[in-house]
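Everything below belongs to protein-v2.csv, which stores CSV, C-alpha atoms.
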chain,number,residue,atom,x,y,z
A,793,MET,CA,14.5,-2.6,-10.0
A,794,THR,CA,16.6,0.4,-9.2
A,795,SER,CA,16.3,2.3,-6.0
A,796,LYS,CA,15.7,5.6,-7.8
A,797,ASN,CA,12.2,4.5,-9.0
A,798,ILE,CA,9.6,6.2,-6.9
A,799,ILE,CA,7.0,3.3,-6.7
A,800,GLN,CA,8.6,0.0,-6.0
A,801,SER,CA,5.6,-2.0,-5.0
A,802,LEU,CA,1.9,-2.1,-5.9
A,803,LEU,CA,1.3,-2.3,-2.2
A,804,ASP,CA,2.6,1.3,-2.0
A,805,THR,CA,-0.9,2.7,-2.2
A,806,ASP,CA,-3.8,3.6,0.1
A,807,LEU,CA,-5.9,0.6,1.4
A,808,TYR,CA,-9.1,2.1,0.2
A,809,LYS,CA,-8.0,1.5,-3.4
A,810,LEU,CA,-8.0,-2.2,-2.7
A,811,THR,CA,-11.3,-2.2,-0.7
A,812,MET,CA,-13.1,-0.3,-3.5
A,813,MET,CA,-11.4,-2.4,-6.1
A,814,GLN,CA,-12.9,-5.6,-4.5
A,815,VAL,CA,-16.4,-4.0,-4.8
A,816,VAL,CA,-15.7,-3.1,-8.4
A,817,LEU,CA,-14.6,-6.7,-9.2
A,818,HIS,CA,-17.7,-8.2,-7.6
A,819,HIS,CA,-20.4,-5.7,-8.7
A,820,PHE,CA,-19.2,-3.5,-11.6
A,821,PRO,CA,-16.4,-5.3,-13.5
A,822,SER,CA,-17.4,-3.8,-16.8
A,823,ALA,CA,-17.7,-0.1,-15.7
A,824,GLU,CA,-15.6,2.3,-17.7
A,825,VAL,CA,-14.3,5.5,-16.1
A,826,GLU,CA,-12.1,8.5,-16.6
A,827,TYR,CA,-9.9,10.4,-14.1
A,828,ALA,CA,-8.3,13.8,-14.5
A,829,PHE,CA,-5.3,15.2,-12.7
A,830,LYS,CA,-5.2,18.8,-11.4
A,831,CYS,CA,-2.5,20.9,-9.7
A,832,ARG,CA,-4.2,23.5,-7.6
A,833,THR,CA,-1.0,25.3,-6.7
A,834,GLU,CA,-0.7,28.5,-8.6
A,835,GLY,CA,2.5,29.5,-10.4
A,836,VAL,CA,3.8,25.9,-10.7
A,837,ASP,CA,4.8,24.6,-14.2
A,838,LEU,CA,5.0,20.8,-14.2
A,839,MET,CA,5.4,20.4,-17.9
A,840,PRO,CA,9.2,20.3,-17.8
A,841,MET,CA,8.8,17.1,-15.7
A,842,ALA,CA,6.4,15.4,-18.0
A,843,ILE,CA,9.0,12.9,-19.5
A,844,GLU,CA,10.3,11.9,-16.0
A,845,ILE,CA,6.7,11.5,-14.8
A,846,ARG,CA,6.0,9.3,-17.9
A,847,ASP,CA,9.0,7.2,-17.2
A,848,GLU,CA,8.0,6.7,-13.6
A,849,ILE,CA,4.5,5.6,-14.7
A,850,LYS,CA,6.0,3.2,-17.2
A,851,HIS,CA,8.0,1.6,-14.4
A,852,LEU,CA,4.8,1.5,-12.2
A,853,CYS,CA,3.1,-0.5,-15.0
A,854,GLU,CA,5.9,-3.1,-14.9
A,855,LEU,CA,5.2,-4.0,-11.3
A,856,LYS,CA,3.2,-7.0,-10.1
A,857,PHE,CA,2.3,-8.2,-6.6
A,858,THR,CA,5.0,-10.5,-5.2
A,859,GLU,CA,4.2,-13.8,-3.5
A,860,ASN,CA,5.0,-12.3,-0.1
A,861,GLU,CA,2.6,-9.4,-0.8
A,862,ILE,CA,-0.1,-11.7,-1.9
A,863,HIS,CA,0.3,-13.7,1.2
A,864,TYR,CA,0.1,-10.5,3.3
A,865,LEU,CA,-3.1,-9.5,1.5
A,866,SER,CA,-4.6,-13.0,1.9
A,867,ASN,CA,-4.4,-12.5,5.7
A,868,ILE,CA,-6.5,-9.3,5.6
A,869,TYR,CA,-9.8,-11.0,6.6
A,870,TYR,CA,-12.2,-8.8,4.6
A,871,LEU,CA,-10.3,-9.3,1.3
A,872,LYS,CA,-12.0,-12.2,-0.3
A,873,SER,CA,-10.0,-15.1,-1.8
A,874,ASP,CA,-11.2,-14.6,-5.4
A,875,PHE,CA,-10.1,-10.9,-5.2
A,876,VAL,CA,-6.7,-11.9,-3.9
A,877,GLN,CA,-6.4,-14.4,-6.7
A,878,PHE,CA,-7.2,-11.7,-9.2
A,879,LEU,CA,-4.5,-9.5,-7.7
A,880,LYS,CA,-2.0,-12.3,-8.4
A,881,LEU,CA,-2.6,-11.6,-12.1
A,882,PHE,CA,-3.0,-7.8,-11.9
A,883,GLN,CA,-0.8,-5.4,-13.7
A,884,LEU,CA,-1.4,-1.7,-14.6
A,885,ASN,CA,-1.4,-0.8,-18.3
A,886,GLU,CA,0.3,2.4,-19.4
A,887,ASN,CA,-2.0,2.5,-22.4
A,888,TYR,CA,-4.8,3.8,-20.1
A,889,VAL,CA,-2.7,6.9,-19.2
A,890,ARG,CA,-2.4,10.0,-21.4
A,891,ILE,CA,0.1,12.7,-20.5
A,892,SER,CA,-0.2,16.0,-22.5
A,893,LYS,CA,-0.4,19.8,-22.3
A,894,ASP,CA,-3.8,21.4,-21.7
A,895,GLU,CA,-5.1,24.6,-23.4
A,896,GLU,CA,-3.3,26.8,-20.7
A,897,GLY,CA,0.0,25.0,-21.3
A,898,GLN,CA,-0.2,23.0,-18.0
A,899,LEU,CA,0.5,19.4,-17.5
A,900,GLU,CA,-2.5,17.2,-18.2
A,901,ILE,CA,-2.8,13.6,-17.0
A,902,THR,CA,-5.8,11.6,-17.9
A,903,VAL,CA,-6.5,8.0,-17.0
A,904,ALA,CA,-9.3,6.3,-19.0
A,905,GLY,CA,-10.4,2.6,-19.2
A,906,PRO,CA,-12.1,-0.1,-17.2
A,907,TRP,CA,-12.6,0.9,-13.6
A,908,LEU,CA,-11.3,-2.4,-12.4
A,909,HIS,CA,-8.0,-1.8,-14.3
A,910,THR,CA,-7.5,1.9,-13.7
A,911,ILE,CA,-8.6,2.4,-10.0
A,912,MET,CA,-5.0,1.7,-8.8
A,913,PHE,CA,-3.4,4.6,-10.8
A,914,GLU,CA,-4.5,7.6,-8.8
A,915,VAL,CA,-2.4,7.3,-5.6
A,916,PRO,CA,0.9,6.3,-7.2
A,917,ILE,CA,0.6,8.9,-9.9
A,918,LEU,CA,0.1,11.7,-7.3
A,919,ALA,CA,3.0,10.3,-5.3
A,920,ILE,CA,5.1,10.3,-8.4
A,921,VAL,CA,4.3,13.9,-9.4
A,922,GLU,CA,5.0,15.2,-5.8
A,923,GLU,CA,8.3,13.3,-5.6
A,924,VAL,CA,9.5,14.3,-9.0
A,925,PHE,CA,8.8,17.9,-8.1
A,926,SER,CA,10.7,17.5,-4.8
A,927,ARG,CA,13.7,16.0,-6.6
A,928,ARG,CA,13.7,18.8,-9.2
A,929,HIS,CA,13.3,21.7,-6.8
A,930,HIS,CA,14.4,20.6,-3.4
A,931,ALA,CA,17.1,18.0,-4.0
A,932,GLU,CA,19.4,19.8,-1.6
A,933,LEU,CA,16.8,20.4,1.1
A,934,ASP,CA,18.1,20.1,4.7
A,935,MET,CA,15.9,17.4,6.1
A,936,GLU,CA,16.9,18.5,9.6
A,937,ILE,CA,14.0,21.0,9.4
A,938,GLY,CA,11.6,18.1,8.8
A,939,GLN,CA,13.2,16.1,11.6
A,940,ARG,CA,12.7,19.0,14.0
A,941,ARG,CA,9.1,19.6,13.0
A,942,LEU,CA,8.3,15.9,13.3
A,943,LYS,CA,9.9,15.7,16.7
A,944,ASN,CA,7.9,18.8,17.8
A,945,LYS,CA,4.7,17.1,16.8
A,946,THR,CA,5.4,14.0,18.9
A,947,GLU,CA,6.5,16.1,21.8
A,948,LEU,CA,3.3,18.1,21.6
A,949,ILE,CA,1.3,14.8,21.7
A,950,LYS,CA,3.3,13.5,24.7
A,951,ALA,CA,2.7,16.7,26.6
A,952,HIS,CA,-1.0,17.1,26.0
A,953,PRO,CA,-3.4,16.3,28.9
A,954,LEU,CA,-5.7,14.4,26.5
A,955,ARG,CA,-2.8,12.4,25.0
A,956,ASP,CA,-4.3,9.1,26.0
A,957,LYS,CA,-7.4,9.8,24.0
A,958,LEU,CA,-5.7,10.9,20.7
A,959,LYS,CA,-6.0,8.3,17.9
A,960,ILE,CA,-4.0,9.1,14.7
A,961,MET,CA,-4.0,7.4,11.3
A,962,GLU,CA,-1.2,8.3,8.9
A,963,PHE,CA,-2.8,9.3,5.7
A,964,GLY,CA,0.0,10.9,3.7
A,965,THR,CA,0.8,8.8,0.7
A,966,ARG,CA,-0.5,10.9,-2.2
A,967,ARG,CA,1.3,14.1,-1.2
A,968,ARG,CA,4.4,12.9,0.6
A,969,PHE,CA,7.7,14.6,0.1
A,970,SER,CA,9.2,11.2,-0.8
A,971,ARG,CA,8.6,7.5,-0.2
A,972,ASP,CA,11.7,7.4,2.1
A,973,TRP,CA,10.4,10.3,4.2
A,974,GLN,CA,6.9,8.7,4.6
A,975,LYS,CA,8.6,5.6,5.9
A,976,HIS,CA,10.7,7.7,8.3
A,977,VAL,CA,7.7,9.5,9.6
A,978,LEU,CA,5.7,6.3,10.1
A,979,GLU,CA,8.6,4.7,11.9
A,980,HIS,CA,9.1,7.7,14.1
A,981,LEU,CA,5.5,7.8,15.1
A,982,ASN,CA,5.4,4.1,15.8
A,983,ARG,CA,8.5,4.5,17.9
A,984,SER,CA,7.6,7.7,19.8
A,985,VAL,CA,3.8,7.6,20.1
A,986,SER,CA,2.9,4.1,19.3
A,987,ASP,CA,-0.1,4.2,21.7
A,988,ASN,CA,-1.6,7.0,19.6
A,989,LEU,CA,-0.9,5.6,16.2
A,990,VAL,CA,-3.8,3.3,15.2
A,991,GLY,CA,-2.5,2.6,11.7
A,992,SER,CA,-1.6,3.9,8.2
A,993,SER,CA,-3.5,4.1,4.9
A,994,ASN,CA,-0.4,3.0,3.1
A,995,VAL,CA,-0.5,-0.8,2.8
A,996,TYR,CA,3.2,-1.2,2.0
A,997,TYR,CA,4.5,0.8,4.9
A,998,ALA,CA,1.9,-0.6,7.3
A,999,ARG,CA,3.3,-4.0,6.4
A,1000,GLU,CA,6.9,-2.8,6.8
A,1001,THR,CA,6.3,-1.2,10.2
A,1002,GLY,CA,3.9,-3.7,11.6
A,1003,VAL,CA,1.0,-1.3,12.0
A,1004,THR,CA,-2.6,-1.8,10.8
A,1005,PRO,CA,-3.5,-0.8,7.2
A,1006,LEU,CA,-6.7,1.4,7.4
A,1007,GLY,CA,-9.2,2.7,4.9
A,1008,THR,CA,-12.7,2.2,3.5
A,1009,MET,CA,-14.0,4.3,0.6
A,1010,ALA,CA,-13.0,7.4,-1.3
A,1011,HIS,CA,-15.1,10.1,-3.2
A,1012,GLU,CA,-14.8,8.2,-6.5
A,1013,TYR,CA,-16.8,5.3,-5.0
A,1014,LEU,CA,-19.9,7.4,-4.3
A,1015,GLN,CA,-19.3,9.5,-7.4
A,1016,ALA,CA,-19.4,6.5,-9.7
A,1017,PHE,CA,-22.9,5.6,-8.4
A,1018,GLN,CA,-24.2,8.9,-10.0
A,1019,ALA,CA,-23.9,6.9,-13.2
A,1020,LEU,CA,-24.2,3.3,-11.9
A,1021,GLY,CA,-27.2,3.7,-9.6
A,1022,PRO,CA,-30.8,3.4,-10.7
A,1023,ARG,CA,-31.6,7.1,-10.0
A,1024,LEU,CA,-29.3,10.0,-9.4
A,1025,VAL,CA,-31.2,11.0,-6.3
A,1026,ASP,CA,-30.7,7.5,-4.8
A,1027,SER,CA,-27.0,7.3,-5.8
A,1028,GLN,CA,-25.6,7.7,-2.2
A,1029,LYS,CA,-28.0,5.2,-0.7
A,1030,GLU,CA,-27.2,2.7,-3.5
A,1031,ALA,CA,-23.5,3.1,-2.9
A,1032,LEU,CA,-23.9,2.6,0.8
A,1033,ASP,CA,-26.2,-0.4,0.3
A,1034,VAL,CA,-23.7,-2.1,-2.1
A,1035,TRP,CA,-20.9,-1.5,0.4
A,1036,THR,CA,-22.8,-3.2,3.2
A,1037,LYS,CA,-23.7,-6.2,1.0
A,1038,GLU,CA,-20.0,-6.6,0.1
A,1039,TYR,CA,-18.5,-6.1,3.6
A,1040,ARG,CA,-21.3,-7.3,5.9
A,1041,GLY,CA,-20.4,-5.0,8.8
A,1042,ASP,CA,-16.7,-4.6,8.2
A,1043,LEU,CA,-15.1,-1.3,7.0
A,1044,GLY,CA,-18.0,0.6,8.3
A,1045,ILE,CA,-16.9,4.3,7.9
A,1046,ALA,CA,-19.0,6.2,5.4
A,1047,LEU,CA,-17.7,9.3,3.5
A,1048,THR,CA,-20.1,12.3,3.9
A,1049,ASP,CA,-19.1,15.1,1.5
A,1050,VAL,CA,-19.6,13.9,-2.1
A,1051,VAL,CA,-22.7,16.1,-2.5
A,1052,GLY,CA,-22.4,18.0,0.8
A,1053,VAL,CA,-23.0,16.9,4.4
A,1054,ASP,CA,-26.7,18.1,4.4
A,1055,ALA,CA,-27.6,15.9,1.5
A,1056,PHE,CA,-25.7,13.0,3.0
A,1057,ILE,CA,-27.6,13.3,6.3
A,1058,ARG,CA,-30.9,13.2,4.4
A,1059,ASP,CA,-29.8,9.8,2.9
A,1060,PHE,CA,-28.1,8.5,6.0
A,1061,ASP,CA,-31.2,7.2,7.6
A,1062,ARG,CA,-31.5,5.0,10.8
A,1063,TYR,CA,-30.8,1.9,8.7
A,1064,PHE,CA,-27.5,3.1,7.5
A,1065,ALA,CA,-26.6,5.0,10.7
A,1066,LYS,CA,-27.0,1.8,12.7
A,1067,LEU,CA,-25.2,-0.4,10.1
A,1068,PHE,CA,-22.1,1.9,9.7
A,1069,ASP,CA,-19.6,2.3,12.6
A,1070,GLY,CA,-19.2,6.0,11.8
A,1071,VAL,CA,-18.5,8.7,9.2
A,1072,ARG,CA,-15.5,10.6,7.8
A,1073,HIS,CA,-15.1,14.3,7.3
A,1074,ASP,CA,-13.1,15.6,4.4
A,1075,SER,CA,-14.3,19.2,3.6
A,1076,GLY,CA,-16.0,22.1,5.2
A,1077,CYS,CA,-15.8,23.3,8.8
A,1078,PRO,CA,-15.0,20.2,11.0
A,1079,PHE,CA,-16.7,21.6,14.1
A,1080,GLU,CA,-19.9,22.4,12.3
A,1081,TRP,CA,-19.8,19.0,10.5
A,1082,ALA,CA,-19.3,17.1,13.8
A,1083,ARG,CA,-22.2,19.0,15.5
A,1084,LYS,CA,-24.4,18.1,12.6
A,1085,MET,CA,-23.5,14.4,12.7
A,1086,ILE,CA,-23.9,14.2,16.4
A,1087,ALA,CA,-27.3,15.9,16.3
A,1088,HIS,CA,-28.3,13.5,13.5
A,1089,TYR,CA,-27.4,10.4,15.5
A,1090,GLU,CA,-29.2,11.8,18.5
A,1091,LYS,CA,-32.3,12.6,16.4
A,1092,LEU,CA,-32.3,8.9,15.2
A,1093,GLY,CA,-32.1,7.7,18.8
A,1094,ILE,CA,-28.5,6.5,18.4
A,1095,ASP,CA,-26.0,7.2,21.1
A,1096,PRO,CA,-23.1,9.1,19.4
A,1097,LYS,CA,-20.7,7.5,21.9
A,1098,THR,CA,-21.2,4.2,20.0
A,1099,LYS,CA,-20.1,5.8,16.7
A,1100,SER,CA,-16.8,7.2,15.3
A,1101,LEU,CA,-16.2,10.6,13.7
A,1102,VAL,CA,-13.1,10.4,11.5
A,1103,PHE,CA,-11.5,13.8,10.6
A,1104,SER,CA,-9.3,13.8,7.6
A,1105,ASP,CA,-9.3,17.3,6.0
A,1106,GLY,CA,-6.0,19.2,6.2
A,1107,LEU,CA,-5.4,18.3,9.8
A,1108,ASP,CA,-2.4,19.1,12.0
A,1109,ILE,CA,-1.8,18.1,15.6
A,1110,PRO,CA,-3.0,21.3,17.2
A,1111,LEU,CA,-6.3,21.2,15.3
A,1112,ALA,CA,-6.7,17.5,16.1
A,1113,PHE,CA,-6.4,18.4,19.8
A,1114,GLU,CA,-8.9,21.2,19.5
A,1115,LEU,CA,-11.4,18.8,17.9
A,1116,LEU,CA,-10.6,16.2,20.6
A,1117,GLU,CA,-11.2,18.7,23.4
A,1118,GLU,CA,-14.6,19.6,21.9
A,1119,PHE,CA,-16.0,16.2,21.1
A,1120,HIS,CA,-14.2,13.4,22.9
A,1121,GLU,CA,-16.8,13.2,25.7
A,1122,THR,CA,-19.7,13.0,23.1
A,1123,THR,CA,-18.4,10.5,20.5
A,1124,ASN,CA,-15.4,8.4,19.5
A,1125,VAL,CA,-13.0,10.8,17.6
A,1126,VAL,CA,-10.2,9.6,15.2
A,1127,PHE,CA,-7.8,11.7,13.1
A,1128,GLY,CA,-6.4,10.9,9.6
A,1129,ILE,CA,-3.4,13.2,9.1
A,1130,GLY,CA,-1.7,13.3,5.8
A,1131,THR,CA,0.3,16.1,4.3
A,1132,ASN,CA,1.1,17.7,7.6
A,1133,LEU,CA,3.0,14.5,8.6
A,1134,THR,CA,4.5,13.4,5.3
A,1135,ASN,CA,5.3,16.7,3.6
A,1136,ASP,CA,6.0,19.2,6.4
A,1137,VAL,CA,9.7,19.7,5.8
A,1138,GLY,CA,10.0,23.5,5.4
A,1139,ILE,CA,8.6,23.9,1.9
A,1140,LYS,CA,5.2,24.4,0.5
A,1141,PRO,CA,3.8,21.1,-0.8
A,1142,LEU,CA,2.0,20.9,-4.1
A,1143,SER,CA,-1.8,20.8,-3.9
A,1144,ILE,CA,-2.6,18.0,-6.4
A,1145,VAL,CA,-5.6,15.8,-6.9
A,1146,MET,CA,-6.8,13.2,-9.4
A,1147,LYS,CA,-10.6,12.8,-9.5
A,1148,MET,CA,-13.0,10.6,-11.4
A,1149,THR,CA,-14.8,12.8,-14.0
A,1150,LEU,CA,-16.7,10.2,-16.1
A,1151,CYS,CA,-18.3,6.8,-15.4
A,1152,ASN,CA,-19.8,4.8,-18.3
A,1153,GLY,CA,-19.6,7.9,-20.5
A,1154,GLN,CA,-21.6,10.1,-18.1
A,1155,PRO,CA,-20.3,13.0,-16.0
A,1156,VAL,CA,-19.8,12.5,-12.3
A,1157,ALA,CA,-18.8,15.1,-9.7
A,1158,LYS,CA,-18.1,15.9,-6.1
A,1159,ILE,CA,-19.7,19.0,-4.8
A,1160,SER,CA,-17.5,19.7,-1.8
A,1161,ASP,CA,-18.4,21.4,1.5
A,1162,SER,CA,-15.2,23.5,0.8
A,1163,PRO,CA,-15.1,26.0,-2.0
A,1164,GLY,CA,-12.7,25.2,-4.9
A,1165,LYS,CA,-12.7,21.4,-4.4
A,1166,THR,CA,-15.3,20.7,-7.0
A,1167,MET,CA,-14.0,19.1,-10.2
A,1168,CYS,CA,-16.3,18.8,-13.2
A,1169,LYS,CA,-16.1,20.2,-16.7
A,1170,ASP,CA,-19.8,19.9,-17.4
A,1171,GLU,CA,-21.5,22.9,-15.8
A,1172,ASP,CA,-25.0,21.7,-16.9
A,1173,TYR,CA,-24.4,18.4,-15.0
A,1174,LEU,CA,-23.2,20.3,-11.9
A,1175,ALA,CA,-26.3,22.4,-12.0
A,1176,TYR,CA,-28.5,19.3,-12.3
A,1177,LEU,CA,-26.7,17.6,-9.5
A,1178,ARG,CA,-27.2,20.6,-7.2
A,1179,LYS,CA,-30.9,20.7,-8.1
A,1180,VAL,CA,-31.4,16.9,-7.5
A,1181,PHE,CA,-29.7,17.1,-4.1
A,1182,ALA,CA,-31.2,20.5,-3.1
A,1183,ILE,CA,-27.7,22.1,-2.8
A,1184,HIS,CA,-27.9,25.9,-2.6
Once you've parsed the file, please lay out its structure as structure tokens.
Amino acid sequence: MTSKNIIQSLLDTDLYKLTMMQVVLHHFPSAEVEYAFKCRTEGVDLMPMAIEIRDEIKHLCELKFTENEIHYLSNIYYLKSDFVQFLKLFQLNENYVRISKDEEGQLEITVAGPWLHTIMFEVPILAIVEEVFSRRHHAELDMEIGQRRLKNKTELIKAHPLRDKLKIMEFGTRRRFSRDWQKHVLEHLNRSVSDNLVGSSNVYYARETGVTPLGTMAHEYLQAFQALGPRLVDSQKEALDVWTKEYRGDLGIALTDVVGVDAFIRDFDRYFAKLFDGVRHDSGCPFEWARKMIAHYEKLGIDPKTKSLVFSDGLDIPLAFELLEEFHETTNVVFGIGTNLTNDVGIKPLSIVMKMTLCNGQPVAKISDSPGKTMCKDEDYLAYLRKVFAIH
């Protein structure tokens, strides 16, 4: 294994890939899915990097979990022993990945195959694309700029009157400038503001730095239930129900924006609101979302102070403090900060995503609370989804 390879461990991923993968193993081992890559940054041509990206994915597919990594995972109490035993044998298969050029001449990456064997592709592929791009275009970048910006962030935290109440999770794997920079950022945070750092989504670097790996579910989990559930209208409730059966009270943060927060609130009844520890925001106005969720808890007779609101959409430190000032007296507020930590080095990061588009041959989609985040090629299905969930 050479140091130039971007992904050097299968642990170099976000924890929620593993937590969702365990659910897939136990409940949907035969589900078939498809993911599609998209670069939202205009004017960027990734095609010249296609061969390098393919070579990095080939290397990714040569990796297996090491004995030490398996031992680490076996000590995460909510990962069940049969799942950890499965991971001992697990290896990604490059035959599930297709890299080509789309109709507009842009890089197209599609992953298709069994959900159980493809779920681990998304995060490393996004990290590979971002770092290959960084190597090609910013190899001579002066990292002093990133160092100064990172130091300014921690100084801002230290100086703020609400510093003691700020809880940050590092969420930056998929759009990091490089794996080395993500490690540096996490080590700096752990050294400078350790009381504010509650953990990292990256399992490998959480292990390396001794912080807690954090994560529950992603959009793909709830999207898949649009095809797996008994009825489309009940897909969110079915997804939450299966999650609670699997984790029995652990990992209790629910994602709210797969078909918009209003539709989520209609499904998030008193049963789920009491079972889950809190909810996560990932699109739309965070202030408006928080007010809606707090009002919903109060309407259900649940004290919002007993629940957590996790913010994770395009955050930086100043916005985190604005939200903290607004809501810390009402509820437990936590912040997942990604790109602004791991790719704030003086250049504009790529805006790249990889989303599930099909499950068991049926379209699935996310209708975001933010314009431009929806990814689905089937307009008829999108219209039907909007109608079923009364999204206007």
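Between Cys1168 in chain A and the residues A:Ile920, A:Leu1115, A:Met1148, A:Leu865, the shortest atom-to-atom distance, using only C-alpha atoms, involves A:Met1148.
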Between CA of Ile901 in chain A and CA of Phe820 in chain A lies a distance of 24.3 Å
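Distance annotation: of A:Pro1096, A:Gly938, A:Gly1130, A:Gly1041, the residue with the minimal separation from Asp806 in chain A is A:Gly1130; atom set is all atoms listed in the file.
Our summary of the geometry notes that CA of Ala828 in chain A is positioned 12.6 Å from CA of Lys893 in chain A.
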Of A:Ser892, A:Thr1008, A:Thr1149, A:Asn988, the one nearest to Leu871 in chain A when counting all atoms listed in the file is A:Thr1008
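Nearest residue to Glu1000 in chain A among A:Phe1103, A:Phe1113, A:Phe1060, A:Tyr864 is A:Tyr864, counting all atoms listed in the file.
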Skip Ser1075 in chain A itself and residues of its chain fewer than 5 positions away, then list as an MDAnalysis selection string all residues within 8 Å of it, counting only C-alpha atoms.
chainID A and resid 1049 1105 1160:1162
Filtering to C-alpha atoms, could you give me those residues as a PDB file, keeping the file's coordinate frame?
ATOM      1  CA  ASP A1049     -19.100  15.100   1.500  1.00  0.00           C
ATOM      2  CA  ASP A1105      -9.300  17.300   6.000  1.00  0.00           C
ATOM      3  CA  SER A1160     -17.500  19.700  -1.800  1.00  0.00           C
ATOM      4  CA  ASP A1161     -18.400  21.400   1.500  1.00  0.00           C
ATOM      5  CA  SER A1162     -15.200  23.500   0.800  1.00  0.00           C
TER       6      SER A1162
END
Can you pull out the residues contacting Thr833 in chain A? Cut-off 12 Å, using only C-alpha atoms, and skip same-chain residues under 5 positions away; I want them as a list of chain:residue names.
A:Leu838, A:Gln898, A:Glu922, A:Lys1140, A:Pro1141, A:Leu1142, A:Ser1143, A:Ile1144, A:Val1145, A:Gly1164
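Candidate residues A:Ser873, A:Thr1048, A:Thr805, A:Ser926 were compared for distance to Met841 in chain A, and the nearest is A:Ser926, using all atoms listed in the file.
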For Phe1127 in chain A, the closest of A:Leu807, A:Val1156, A:Val924, A:Ala1112 counting all atoms listed in the file is A:Ala1112
If we count all atoms listed in the file and set the cut-off at 12 Å, which residues sit around Tyr1173 in chain A, ignoring sequence neighbours fewer than 6 positions away in its own chain? Please answer as a PyMOL selection string.
chain A and resi 1018-1019+1024+1149-1150+1154-1159+1167+1179-1180
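Across the structure, CA of Leu899 in chain A and CA of Tyr827 in chain A are spaced 14.2 Å apart.
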Distance query 10 Å from (-17.6, -4.6, 10.1) using all atoms listed in the file, result as a PyMOL selection string:
chain A and resi 870+1036+1039-1045+1067-1069
So which residues touch Glu861 in chain A within 9 Å, counting all atoms listed in the file, skipping near sequence neighbours fewer than 6 positions away, as number ranges by chain?
A: 802-803, 996
Include C-alpha atoms and write out the residues we just selected as a PDB file, keeping the file's coordinate frame.
ATOM      1  CA  LEU A 802       1.900  -2.100  -5.900  1.00  0.00           C
ATOM      2  CA  LEU A 803       1.300  -2.300  -2.200  1.00  0.00           C
ATOM      3  CA  TYR A 996       3.200  -1.200   2.000  1.00  0.00           C
TER       4      TYR A 996
END
I'd like the contact shell of range 909-917 of chain A - 8 Å cut-off, all atoms listed in the file, skipping same-chain residues fewer than 5 positions apart - returned as an mmCIF file with C-alpha atoms, in the coordinates of the input.
data_model
loop_
_atom_site.group_PDB
_atom_site.id
_atom_site.type_symbol
_atom_site.label_atom_id
_atom_site.label_comp_id
_atom_site.auth_asym_id
_atom_site.auth_seq_id
_atom_site.Cartn_x
_atom_site.Cartn_y
_atom_site.Cartn_z
ATOM 1 C CA ILE A 799 7.000 3.300 -6.700
ATOM 2 C CA ASP A 804 2.600 1.300 -2.000
ATOM 3 C CA THR A 805 -0.900 2.700 -2.200
ATOM 4 C CA ASP A 806 -3.800 3.600 0.100
ATOM 5 C CA LYS A 809 -8.000 1.500 -3.400
ATOM 6 C CA LEU A 810 -8.000 -2.200 -2.700
ATOM 7 C CA MET A 813 -11.400 -2.400 -6.100
ATOM 8 C CA ILE A 849 4.500 5.600 -14.700
ATOM 9 C CA LEU A 852 4.800 1.500 -12.200
ATOM 10 C CA LEU A 884 -1.400 -1.700 -14.600
ATOM 11 C CA ASN A 885 -1.400 -0.800 -18.300
ATOM 12 C CA TYR A 888 -4.800 3.800 -20.100
ATOM 13 C CA VAL A 903 -6.500 8.000 -17.000
ATOM 14 C CA ALA A 904 -9.300 6.300 -19.000
ATOM 15 C CA THR A 965 0.800 8.800 0.700
ATOM 16 C CA ARG A 966 -0.500 10.900 -2.200
ATOM 17 C CA MET A 1146 -6.800 13.200 -9.400
#
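Environment of (-12.5, 14.7, 24.4): residues at most 12 Å away, judged by only C-alpha atoms, are His952, Pro953, Leu954, Arg955, Asp956, Lys957, Leu958, Lys959, Lys1097, Ala1112, Phe1113, Glu1114, Leu1115, Leu1116, Glu1117, Glu1118, Phe1119, His1120, Glu1121, Thr1122, Thr1123, Asn1124, Val1125 and Val1126 of chain A.
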